[in-house]
>>> print(open('run_1.tsv').read())   # TSV, N, CA and C atoms
chain	number	residue	atom	x	y	z
A	269	MET	N	0.82	-1.19	0.00
A	269	MET	CA	0.00	0.00	0.00
A	269	MET	C	0.87	1.26	0.00
A	270	GLU	N	1.93	1.26	0.81
A	270	GLU	CA	2.82	2.41	0.85
A	270	GLU	C	3.51	2.61	-0.50
A	271	PHE	N	3.76	1.50	-1.19
A	271	PHE	CA	4.39	1.58	-2.51
A	271	PHE	C	3.48	2.33	-3.49
A	272	GLY	N	2.18	2.09	-3.41
A	272	GLY	CA	1.22	2.80	-4.26
A	272	GLY	C	1.22	4.29	-4.00
A	273	ILE	N	1.26	4.66	-2.73
A	273	ILE	CA	1.32	6.07	-2.36
A	273	ILE	C	2.63	6.68	-2.86
A	274	HIS	N	3.71	5.96	-2.70
A	274	HIS	CA	5.02	6.43	-3.17
A	274	HIS	C	5.00	6.67	-4.68
A	275	GLU	N	4.43	5.72	-5.43
A	275	GLU	CA	4.40	5.84	-6.89
A	275	GLU	C	3.54	7.02	-7.34
A	276	GLU	N	2.42	7.23	-6.66
A	276	GLU	CA	1.58	8.38	-7.02
A	276	GLU	C	2.29	9.68	-6.70
A	277	ASN	N	2.99	9.73	-5.58
A	277	ASN	CA	3.78	10.91	-5.25
A	277	ASN	C	4.87	11.16	-6.28
A	278	MET	N	5.48	10.09	-6.77
A	278	MET	CA	6.51	10.24	-7.80
A	278	MET	C	5.93	10.84	-9.08
A	279	LEU	N	4.74	10.42	-9.45
A	279	LEU	CA	4.09	10.97	-10.62
A	279	LEU	C	3.85	12.47	-10.45
A	280	ASN	N	3.34	12.85	-9.29
A	280	ASN	CA	3.08	14.26	-9.02
A	280	ASN	C	4.37	15.07	-8.96
A	281	GLN	N	5.39	14.54	-8.33
A	281	GLN	CA	6.66	15.26	-8.24
A	281	GLN	C	7.31	15.42	-9.60
A	282	ARG	N	7.21	14.41	-10.44
A	282	ARG	CA	7.77	14.51	-11.79
A	282	ARG	C	7.05	15.60	-12.56
A	283	GLY	N	5.73	15.66	-12.43
A	283	GLY	CA	4.97	16.73	-13.08
A	283	GLY	C	5.37	18.10	-12.58
A	284	ASN	N	5.56	18.22	-11.27
A	284	ASN	CA	5.99	19.50	-10.70
A	284	ASN	C	7.37	19.90	-11.22
A	285	LEU	N	8.28	18.95	-11.29
A	285	LEU	CA	9.63	19.24	-11.79
A	285	LEU	C	9.58	19.72	-13.23
A	286	CYS	N	8.80	19.05	-14.06
A	286	CYS	CA	8.68	19.47	-15.46
A	286	CYS	C	8.04	20.84	-15.58
A	287	LEU	N	7.05	21.12	-14.75
A	287	LEU	CA	6.40	22.42	-14.77
A	287	LEU	C	7.36	23.53	-14.36
A	288	ILE	N	8.18	23.28	-13.36
A	288	ILE	CA	9.18	24.26	-12.95
A	288	ILE	C	10.22	24.47	-14.05
A	289	ALA	N	10.66	23.37	-14.67
A	289	ALA	CA	11.64	23.48	-15.77
A	289	ALA	C	11.05	24.28	-16.93
A	290	GLN	N	9.79	24.03	-17.24
A	290	GLN	CA	9.14	24.78	-18.32
A	290	GLN	C	9.02	26.27	-17.95
A	291	SER	N	8.70	26.55	-16.71
A	291	SER	CA	8.58	27.95	-16.27
A	291	SER	C	9.92	28.68	-16.38
A	292	LEU	N	10.98	28.03	-15.96
A	292	LEU	CA	12.31	28.65	-16.07
A	292	LEU	C	12.70	28.84	-17.53
A	293	LEU	N	12.32	27.90	-18.37
A	293	LEU	CA	12.62	28.02	-19.79
A	293	LEU	C	11.84	29.17	-20.42
A	294	VAL	N	10.61	29.39	-19.99
A	294	VAL	CA	9.82	30.53	-20.49
A	294	VAL	C	10.47	31.84	-20.10
A	295	VAL	N	10.97	31.92	-18.88
A	295	VAL	CA	11.66	33.14	-18.44
A	295	VAL	C	12.90	33.38	-19.29
A	296	ALA	N	13.69	32.33	-19.51
A	296	ALA	CA	14.89	32.47	-20.34
A	296	ALA	C	14.51	32.84	-21.77
A	297	TYR	N	13.45	32.24	-22.28
A	297	TYR	CA	12.99	32.54	-23.63
A	297	TYR	C	12.61	34.01	-23.75
A	298	SER	N	11.80	34.49	-22.81
A	298	SER	CA	11.34	35.88	-22.88
A	298	SER	C	12.49	36.86	-22.77
A	299	THR	N	13.46	36.54	-21.94
A	299	THR	CA	14.64	37.41	-21.81
A	299	THR	C	15.42	37.43	-23.11
A	300	THR	N	15.62	36.27	-23.72
A	300	THR	CA	16.38	36.18	-24.96
A	300	THR	C	15.62	36.80	-26.13
A	301	ALA	N	14.32	36.58	-26.20
A	301	ALA	CA	13.53	37.07	-27.32
A	301	ALA	C	13.44	38.60	-27.32
A	302	THR	N	13.47	39.21	-26.15
A	302	THR	CA	13.33	40.67	-26.10
A	302	THR	C	14.65	41.41	-26.10
A	303	SER	N	15.75	40.71	-25.81
A	303	SER	CA	17.02	41.42	-25.66
A	303	SER	C	17.94	41.32	-26.86
A	304	SER	N	17.72	40.41	-27.76
A	304	SER	CA	18.65	40.25	-28.87
A	304	SER	C	17.97	40.60	-30.19
A	305	SER	N	18.80	41.03	-31.14
A	305	SER	CA	18.26	41.38	-32.45
A	305	SER	C	17.96	40.11	-33.26
A	306	THR	N	18.74	39.07	-33.03
A	306	THR	CA	18.47	37.79	-33.68
A	306	THR	C	17.70	36.90	-32.70
A	307	HIS	N	16.76	36.19	-33.22
A	307	HIS	CA	15.92	35.37	-32.36
A	307	HIS	C	16.29	33.89	-32.42
A	308	ALA	N	17.48	33.60	-32.90
A	308	ALA	CA	17.90	32.20	-33.03
A	308	ALA	C	17.93	31.49	-31.68
A	309	ALA	N	18.46	32.15	-30.66
A	309	ALA	CA	18.52	31.53	-29.34
A	309	ALA	C	17.12	31.28	-28.78
A	310	ALA	N	16.21	32.21	-29.01
A	310	ALA	CA	14.83	32.04	-28.54
A	310	ALA	C	14.16	30.87	-29.27
A	311	ARG	N	14.44	30.73	-30.55
A	311	ARG	CA	13.86	29.61	-31.31
A	311	ARG	C	14.40	28.27	-30.81
A	312	VAL	N	15.69	28.24	-30.50
A	312	VAL	CA	16.28	27.01	-29.96
A	312	VAL	C	15.62	26.66	-28.63
A	313	MET	N	15.38	27.66	-27.79
A	313	MET	CA	14.72	27.41	-26.50
A	313	MET	C	13.29	26.91	-26.72
A	314	ALA	N	12.60	27.44	-27.72
A	314	ALA	CA	11.24	26.99	-28.00
A	314	ALA	C	11.23	25.53	-28.44
A	315	VAL	N	12.18	25.16	-29.29
A	315	VAL	CA	12.29	23.76	-29.72
A	315	VAL	C	12.60	22.87	-28.52
A	316	PHE	N	13.50	23.34	-27.66
A	316	PHE	CA	13.82	22.59	-26.45
A	316	PHE	C	12.57	22.46	-25.56
A	317	GLY	N	11.77	23.51	-25.48
A	317	GLY	CA	10.53	23.47	-24.70
A	317	GLY	C	9.54	22.45	-25.24
A	318	ILE	N	9.44	22.36	-26.57
A	318	ILE	CA	8.57	21.36	-27.19
A	318	ILE	C	9.08	19.96	-26.85
A	319	ALA	N	10.39	19.77	-26.98
A	319	ALA	CA	10.97	18.45	-26.67
A	319	ALA	C	10.73	18.09	-25.20
A	320	LEU	N	10.89	19.06	-24.32
A	320	LEU	CA	10.67	18.80	-22.89
A	320	LEU	C	9.21	18.45	-22.63
A	321	ALA	N	8.28	19.10	-23.33
A	321	ALA	CA	6.86	18.79	-23.16
A	321	ALA	C	6.54	17.37	-23.63
A	322	VAL	N	7.17	16.96	-24.73
A	322	VAL	CA	6.96	15.60	-25.24
A	322	VAL	C	7.51	14.57	-24.26
A	323	ILE	N	8.70	14.84	-23.73
A	323	ILE	CA	9.30	13.93	-22.75
A	323	ILE	C	8.44	13.87	-21.49
A	324	TRP	N	7.93	15.01	-21.07
A	324	TRP	CA	7.05	15.09	-19.90
A	324	TRP	C	5.80	14.23	-20.12
A	325	ALA	N	5.18	14.35	-21.29
A	325	ALA	CA	3.98	13.56	-21.59
A	325	ALA	C	4.31	12.07	-21.66
A	326	TYR	N	5.42	11.73	-22.28
A	326	TYR	CA	5.80	10.32	-22.42
A	326	TYR	C	6.07	9.69	-21.05
A	327	SER	N	6.90	10.36	-20.24
A	327	SER	CA	7.23	9.78	-18.93
A	327	SER	C	6.00	9.75	-18.01
A	328	GLY	N	5.17	10.78	-18.10
A	328	GLY	CA	3.95	10.81	-17.30
A	328	GLY	C	2.99	9.70	-17.71
A	329	SER	N	2.90	9.45	-19.02
A	329	SER	CA	2.02	8.40	-19.51
A	329	SER	C	2.48	7.03	-19.03
A	330	ARG	N	3.76	6.76	-19.15
A	330	ARG	CA	4.29	5.47	-18.68
A	330	ARG	C	4.04	5.30	-17.18
A	331	HIS	N	4.27	6.35	-16.43
A	331	HIS	CA	4.08	6.25	-14.99
A	331	HIS	C	2.59	6.10	-14.65
A	332	TYR	N	1.73	6.78	-15.39
A	332	TYR	CA	0.29	6.68	-15.17
A	332	TYR	C	-0.17	5.23	-15.35
A	333	TRP	N	0.24	4.59	-16.44
A	333	TRP	CA	-0.19	3.21	-16.68
A	333	TRP	C	0.44	2.25	-15.68
A	334	HIS	N	1.65	2.54	-15.25
A	334	HIS	CA	2.27	1.75	-14.18
A	334	HIS	C	1.43	1.85	-12.91
A	335	ASN	N	0.98	3.06	-12.60
A	335	ASN	CA	0.14	3.26	-11.41
A	335	ASN	C	-1.20	2.55	-11.54
A	336	GLN	N	-1.76	2.49	-12.75
A	336	GLN	CA	-3.03	1.80	-12.95
A	336	GLN	C	-2.91	0.31	-12.62
A	337	VAL	N	-1.83	-0.30	-13.08
A	337	VAL	CA	-1.58	-1.72	-12.77
A	337	VAL	C	-1.42	-1.90	-11.27
A	338	LEU	N	-0.65	-1.04	-10.66
A	338	LEU	CA	-0.42	-1.11	-9.22
A	338	LEU	C	-1.73	-0.92	-8.45
A	339	GLN	N	-2.55	0.02	-8.89
A	339	GLN	CA	-3.82	0.27	-8.20
A	339	GLN	C	-4.74	-0.96	-8.31
A	340	ARG	N	-4.77	-1.61	-9.46
A	340	ARG	CA	-5.58	-2.82	-9.59
A	340	ARG	C	-5.10	-3.91	-8.64
A	341	ARG	N	-3.81	-4.04	-8.51
A	341	ARG	CA	-3.26	-5.06	-7.59
A	341	ARG	C	-3.61	-4.73	-6.14
A	342	ILE	N	-3.55	-3.46	-5.79
A	342	ILE	CA	-3.89	-3.05	-4.42
A	342	ILE	C	-5.37	-3.34	-4.15
A	343	ILE	N	-6.23	-3.05	-5.13
A	343	ILE	CA	-7.66	-3.32	-4.98
A	343	ILE	C	-7.92	-4.81	-4.82
A	344	GLN	N	-7.19	-5.64	-5.56
A	344	GLN	CA	-7.35	-7.09	-5.41
A	344	GLN	C	-6.96	-7.53	-4.01
A	345	ARG	N	-5.92	-6.95	-3.49
A	345	ARG	CA	-5.42	-7.35	-2.16
A	345	ARG	C	-6.27	-6.77	-1.04
A	346	PHE	N	-6.75	-5.53	-1.23
A	346	PHE	CA	-7.56	-4.84	-0.21
A	346	PHE	C	-8.87	-4.38	-0.86
A	347	PRO	N	-9.90	-5.21	-0.88
A	347	PRO	CA	-11.16	-4.87	-1.57
A	347	PRO	C	-11.83	-3.60	-1.04
A	348	ASP	N	-11.63	-3.26	0.21
A	348	ASP	CA	-12.28	-2.06	0.74
A	348	ASP	C	-11.74	-0.78	0.09
A	349	ILE	N	-10.54	-0.85	-0.49
A	349	ILE	CA	-9.98	0.31	-1.20
A	349	ILE	C	-10.85	0.65	-2.40
A	350	ALA	N	-11.41	-0.35	-3.07
A	350	ALA	CA	-12.29	-0.11	-4.23
A	350	ALA	C	-13.50	0.72	-3.82
A	351	GLU	N	-14.05	0.43	-2.65
A	351	GLU	CA	-15.20	1.20	-2.16
A	351	GLU	C	-14.82	2.64	-1.89
A	352	ILE	N	-13.65	2.84	-1.30
A	352	ILE	CA	-13.18	4.19	-1.01
A	352	ILE	C	-12.97	4.97	-2.30
A	353	LEU	N	-12.31	4.36	-3.28
A	353	LEU	CA	-12.08	5.02	-4.56
A	353	LEU	C	-13.39	5.35	-5.27
A	354	ALA	N	-14.35	4.44	-5.21
A	354	ALA	CA	-15.64	4.68	-5.84
A	354	ALA	C	-16.37	5.84	-5.18
A	355	ALA	N	-16.23	5.97	-3.88
A	355	ALA	CA	-16.89	7.07	-3.17
A	355	ALA	C	-16.30	8.43	-3.56
A	356	PHE	N	-15.02	8.47	-3.88
A	356	PHE	CA	-14.37	9.73	-4.24
A	356	PHE	C	-14.47	10.06	-5.73
A	357	ARG	N	-14.77	9.07	-6.55
A	357	ARG	CA	-14.80	9.27	-8.00
A	357	ARG	C	-15.95	10.19	-8.38
A	358	ARG	N	-15.66	11.15	-9.26
A	358	ARG	CA	-16.66	12.10	-9.74
A	358	ARG	C	-16.81	11.93	-11.25
A	359	PRO	N	-17.96	12.34	-11.80
A	359	PRO	CA	-18.13	12.25	-13.25
A	359	PRO	C	-17.14	13.16	-13.98
A	360	GLY	N	-16.84	12.80	-15.20
A	360	GLY	CA	-15.93	13.60	-16.00
A	360	GLY	C	-14.55	12.98	-16.05
A	361	PRO	N	-13.66	13.66	-16.76
A	361	PRO	CA	-12.31	13.10	-16.91
A	361	PRO	C	-11.55	13.13	-15.59
A	362	SER	N	-10.66	12.19	-15.45
A	362	SER	CA	-9.83	12.11	-14.26
A	362	SER	C	-8.88	13.31	-14.20
A	363	SER	N	-8.72	13.88	-13.03
A	363	SER	CA	-7.77	14.99	-12.89
A	363	SER	C	-6.34	14.52	-13.15
A	364	THR	N	-6.07	13.27	-12.87
A	364	THR	CA	-4.74	12.73	-13.14
A	364	THR	C	-4.46	12.73	-14.64
A	365	LEU	N	-5.46	12.38	-15.44
A	365	LEU	CA	-5.28	12.41	-16.89
A	365	LEU	C	-5.04	13.83	-17.39
A	366	LEU	N	-5.70	14.81	-16.78
A	366	LEU	CA	-5.47	16.20	-17.17
A	366	LEU	C	-4.04	16.62	-16.84
A	367	ILE	N	-3.54	16.15	-15.70
A	367	ILE	CA	-2.17	16.49	-15.31
A	367	ILE	C	-1.17	15.77	-16.21
A	368	VAL	N	-1.42	14.50	-16.49
A	368	VAL	CA	-0.47	13.69	-17.26
A	368	VAL	C	-0.44	14.10	-18.73
A	369	TYR	N	-1.61	14.36	-19.33
A	369	TYR	CA	-1.67	14.65	-20.76
A	369	TYR	C	-2.00	16.11	-21.07
A	370	GLY	N	-2.90	16.70	-20.30
A	370	GLY	CA	-3.35	18.06	-20.60
A	370	GLY	C	-2.28	19.12	-20.41
A	371	MET	N	-1.60	19.06	-19.30
A	371	MET	CA	-0.58	20.09	-19.03
A	371	MET	C	0.58	20.04	-20.03
A	372	PRO	N	1.15	18.86	-20.33
A	372	PRO	CA	2.20	18.84	-21.35
A	372	PRO	C	1.68	19.29	-22.73
A	373	ALA	N	0.44	18.94	-23.05
A	373	ALA	CA	-0.12	19.34	-24.35
A	373	ALA	C	-0.26	20.86	-24.43
A	374	MET	N	-0.78	21.47	-23.36
A	374	MET	CA	-0.90	22.94	-23.35
A	374	MET	C	0.46	23.61	-23.43
A	375	THR	N	1.43	23.02	-22.75
A	375	THR	CA	2.78	23.57	-22.78
A	375	THR	C	3.37	23.47	-24.19
A	376	ALA	N	3.17	22.32	-24.83
A	376	ALA	CA	3.68	22.14	-26.20
A	376	ALA	C	3.03	23.13	-27.15
A	377	VAL	N	1.73	23.34	-27.03
A	377	VAL	CA	1.03	24.31	-27.88
A	377	VAL	C	1.58	25.71	-27.65
A	378	THR	N	1.82	26.06	-26.40
A	378	THR	CA	2.40	27.37	-26.09
A	378	THR	C	3.75	27.54	-26.77
A	379	TRP	N	4.61	26.52	-26.69
A	379	TRP	CA	5.93	26.60	-27.32
A	379	TRP	C	5.82	26.67	-28.84
A	380	ILE	N	4.87	25.95	-29.43
A	380	ILE	CA	4.68	26.02	-30.88
A	380	ILE	C	4.27	27.42	-31.30
A	381	VAL	N	3.35	28.01	-30.55
A	381	VAL	CA	2.93	29.39	-30.85
A	381	VAL	C	4.12	30.34	-30.72
A	382	LEU	N	4.89	30.21	-29.66
A	382	LEU	CA	6.05	31.08	-29.47
A	382	LEU	C	7.09	30.87	-30.57
A	383	LEU	N	7.24	29.64	-31.02
A	383	LEU	CA	8.17	29.36	-32.11
A	383	LEU	C	7.70	30.02	-33.41
A	384	VAL	N	6.41	29.99	-33.65
A	384	VAL	CA	5.85	30.59	-34.87
A	384	VAL	C	5.99	32.11	-34.85
A	385	ILE	N	5.71	32.73	-33.72
A	385	ILE	CA	5.73	34.21	-33.68
A	385	ILE	C	7.12	34.81	-33.51
A	386	THR	N	8.11	33.99	-33.20
A	386	THR	CA	9.47	34.51	-33.01
A	386	THR	C	10.16	34.67	-34.34
>>> encode(input="run_1.tsv", output="structure tokens")
Amino acid sequence: MEFGIHEENMLNQRGNLCLIAQSLLVVAYSTTATSSSTHAAARVMAVFGIALAVIWAYSGSRHYWHNQVLQRRIIQRFPDIAEILAAFRRPGPSSTLLIVYGMPAMTAVTWIVLLVIT
């Protein structure tokens, strides 16, 4: 059970790390894009931002599916966990899916737009 909690924390921490890295990259991009006459460095940062978003989505996806397998095993071992999860489940998409796929996708779109306008 503790392993499941650890794995979910790892997923969240990885997302936080990627979000912080993307934020720092945006700051560096904006500084470079506004201070130089050539925008080559800003374009390189935008491409790097897209690559980082893809890596974020890929690693998050792998970890998400790993957690799904782990959660099924925990439910098999502790049936009362299924009842608890069902009580907390709400209609609509899972917030975990939004974090794993939505945030990297929005970040990638942002970098694509910045790459186009630079």
>>> residues_around(input="run_1.tsv", residues="stretch 324-338 of chain A", least_positions_apart="5", cutoff="8 Å", atoms="all atoms listed in the file", output="list in words")
Phe271, Gly272, Glu275, Glu276, Met278, Leu279, Arg282, Gly283, Cys286, Leu287, Ile318, Ala319, Ile343, Gln344, Thr364, Ile367, Val368, Tyr369, Gly370, Met371, Pro372 and Ala373 of chain A
>>> atom_distance(input="run_1.tsv", atom1="atom C of A:Glu351", atom2="atom C of A:Gln339")
12.5 Å
>>> atom_distance(input="run_1.tsv", atom1="atom C of A:Phe346", atom2="atom N of A:His274")
16.4 Å
>>> residues_around(input="run_1.tsv", residues="A:Arg311", least_positions_apart="5", cutoff="8 Å", atoms="only N, CA and C atoms", output="compact mmCIF listing (two decimals) with N, CA and C atoms, in the frame of the given file")
# COMPACT_ATOMS: atom_id res chain seq x y z
N TYR A 297 13.45 32.24 -22.28
CA TYR A 297 12.99 32.54 -23.63
C TYR A 297 12.61 34.01 -23.75
N THR A 300 15.62 36.27 -23.72
CA THR A 300 16.38 36.18 -24.96
C THR A 300 15.62 36.80 -26.13
N ALA A 301 14.32 36.58 -26.20
CA ALA A 301 13.53 37.07 -27.32
C ALA A 301 13.44 38.60 -27.32
N THR A 306 18.74 39.07 -33.03
CA THR A 306 18.47 37.79 -33.68
C THR A 306 17.70 36.90 -32.70
N PHE A 316 13.50 23.34 -27.66
CA PHE A 316 13.82 22.59 -26.45
C PHE A 316 12.57 22.46 -25.56
N GLY A 317 11.77 23.51 -25.48
CA GLY A 317 10.53 23.47 -24.70
C GLY A 317 9.54 22.45 -25.24
N LEU A 382 4.89 30.21 -29.66
CA LEU A 382 6.05 31.08 -29.47
C LEU A 382 7.09 30.87 -30.57
N LEU A 383 7.24 29.64 -31.02
CA LEU A 383 8.17 29.36 -32.11
C LEU A 383 7.70 30.02 -33.41
N VAL A 384 6.41 29.99 -33.65
CA VAL A 384 5.85 30.59 -34.87
C VAL A 384 5.99 32.11 -34.85
N THR A 386 8.11 33.99 -33.20
CA THR A 386 9.47 34.51 -33.01
C THR A 386 10.16 34.67 -34.34
>>> atom_distance(input="run_1.tsv", atom1="atom CA of A:Met313", atom2="atom CA of A:Leu365")
26.8 Å
>>> axis_aligned_box(input="run_1.tsv", around="stretch 317-323 of chain A", padding_each_side="5 Å", output="AutoDock Vina command-line options")
--center_x 9.2 --center_y 18.7 --center_z -24.3 --size_x 15.2 --size_y 19.6 --size_z 15.7
>>> select_by_dssp(input="run_1.tsv", residues="stretch 299-370 of chain A", states="alpha helix (DSSP H)", output="ChimeraX atom specification")
/A:299-303,308-345,347-356,363-365
>>> decode(input="run_1.tsv", residues="stretch 283-295 of chain A", atoms="N, CA, C and O atoms", output="PDB file, in the first residue's frame")
ATOM      1  N   GLY A 283       5.732  15.661 -12.430  1.00  0.00           N
ATOM      2  CA  GLY A 283       4.973  16.732 -13.083  1.00  0.00           C
ATOM      3  C   GLY A 283       5.369  18.097 -12.578  1.00  0.00           C
ATOM      4  O   GLY A 283       5.521  19.042 -13.363  1.00  0.00           O
ATOM      5  N   ASN A 284       5.560  18.224 -11.274  1.00  0.00           N
ATOM      6  CA  ASN A 284       5.992  19.500 -10.702  1.00  0.00           C
ATOM      7  C   ASN A 284       7.368  19.901 -11.219  1.00  0.00           C
ATOM      8  O   ASN A 284       7.608  21.073 -11.536  1.00  0.00           O
ATOM      9  N   LEU A 285       8.282  18.946 -11.293  1.00  0.00           N
ATOM     10  CA  LEU A 285       9.626  19.235 -11.786  1.00  0.00           C
ATOM     11  C   LEU A 285       9.579  19.716 -13.230  1.00  0.00           C
ATOM     12  O   LEU A 285      10.241  20.707 -13.590  1.00  0.00           O
ATOM     13  N   CYS A 286       8.796  19.049 -14.056  1.00  0.00           N
ATOM     14  CA  CYS A 286       8.680  19.468 -15.457  1.00  0.00           C
ATOM     15  C   CYS A 286       8.036  20.843 -15.576  1.00  0.00           C
ATOM     16  O   CYS A 286       8.449  21.656 -16.401  1.00  0.00           O
ATOM     17  N   LEU A 287       7.051  21.117 -14.748  1.00  0.00           N
ATOM     18  CA  LEU A 287       6.397  22.421 -14.771  1.00  0.00           C
ATOM     19  C   LEU A 287       7.364  23.530 -14.364  1.00  0.00           C
ATOM     20  O   LEU A 287       7.393  24.603 -14.978  1.00  0.00           O
ATOM     21  N   ILE A 288       8.176  23.277 -13.365  1.00  0.00           N
ATOM     22  CA  ILE A 288       9.180  24.264 -12.951  1.00  0.00           C
ATOM     23  C   ILE A 288      10.219  24.467 -14.054  1.00  0.00           C
ATOM     24  O   ILE A 288      10.590  25.600 -14.371  1.00  0.00           O
ATOM     25  N   ALA A 289      10.665  23.369 -14.669  1.00  0.00           N
ATOM     26  CA  ALA A 289      11.639  23.479 -15.766  1.00  0.00           C
ATOM     27  C   ALA A 289      11.047  24.276 -16.926  1.00  0.00           C
ATOM     28  O   ALA A 289      11.731  25.139 -17.501  1.00  0.00           O
ATOM     29  N   GLN A 290       9.787  24.028 -17.241  1.00  0.00           N
ATOM     30  CA  GLN A 290       9.137  24.780 -18.318  1.00  0.00           C
ATOM     31  C   GLN A 290       9.022  26.266 -17.949  1.00  0.00           C
ATOM     32  O   GLN A 290       9.244  27.133 -18.795  1.00  0.00           O
ATOM     33  N   SER A 291       8.704  26.550 -16.706  1.00  0.00           N
ATOM     34  CA  SER A 291       8.583  27.945 -16.266  1.00  0.00           C
ATOM     35  C   SER A 291       9.916  28.679 -16.383  1.00  0.00           C
ATOM     36  O   SER A 291       9.973  29.821 -16.856  1.00  0.00           O
ATOM     37  N   LEU A 292      10.976  28.032 -15.959  1.00  0.00           N
ATOM     38  CA  LEU A 292      12.306  28.653 -16.070  1.00  0.00           C
ATOM     39  C   LEU A 292      12.698  28.842 -17.528  1.00  0.00           C
ATOM     40  O   LEU A 292      13.317  29.852 -17.893  1.00  0.00           O
ATOM     41  N   LEU A 293      12.321  27.903 -18.368  1.00  0.00           N
ATOM     42  CA  LEU A 293      12.618  28.016 -19.795  1.00  0.00           C
ATOM     43  C   LEU A 293      11.837  29.170 -20.423  1.00  0.00           C
ATOM     44  O   LEU A 293      12.367  29.883 -21.274  1.00  0.00           O
ATOM     45  N   VAL A 294      10.609  29.391 -19.987  1.00  0.00           N
ATOM     46  CA  VAL A 294       9.818  30.526 -20.488  1.00  0.00           C
ATOM     47  C   VAL A 294      10.470  31.840 -20.097  1.00  0.00           C
ATOM     48  O   VAL A 294      10.545  32.773 -20.897  1.00  0.00           O
ATOM     49  N   VAL A 295      10.969  31.921 -18.877  1.00  0.00           N
ATOM     50  CA  VAL A 295      11.661  33.141 -18.437  1.00  0.00           C
ATOM     51  C   VAL A 295      12.903  33.381 -19.290  1.00  0.00           C
ATOM     52  O   VAL A 295      13.146  34.506 -19.762  1.00  0.00           O
TER      53      VAL A 295
END
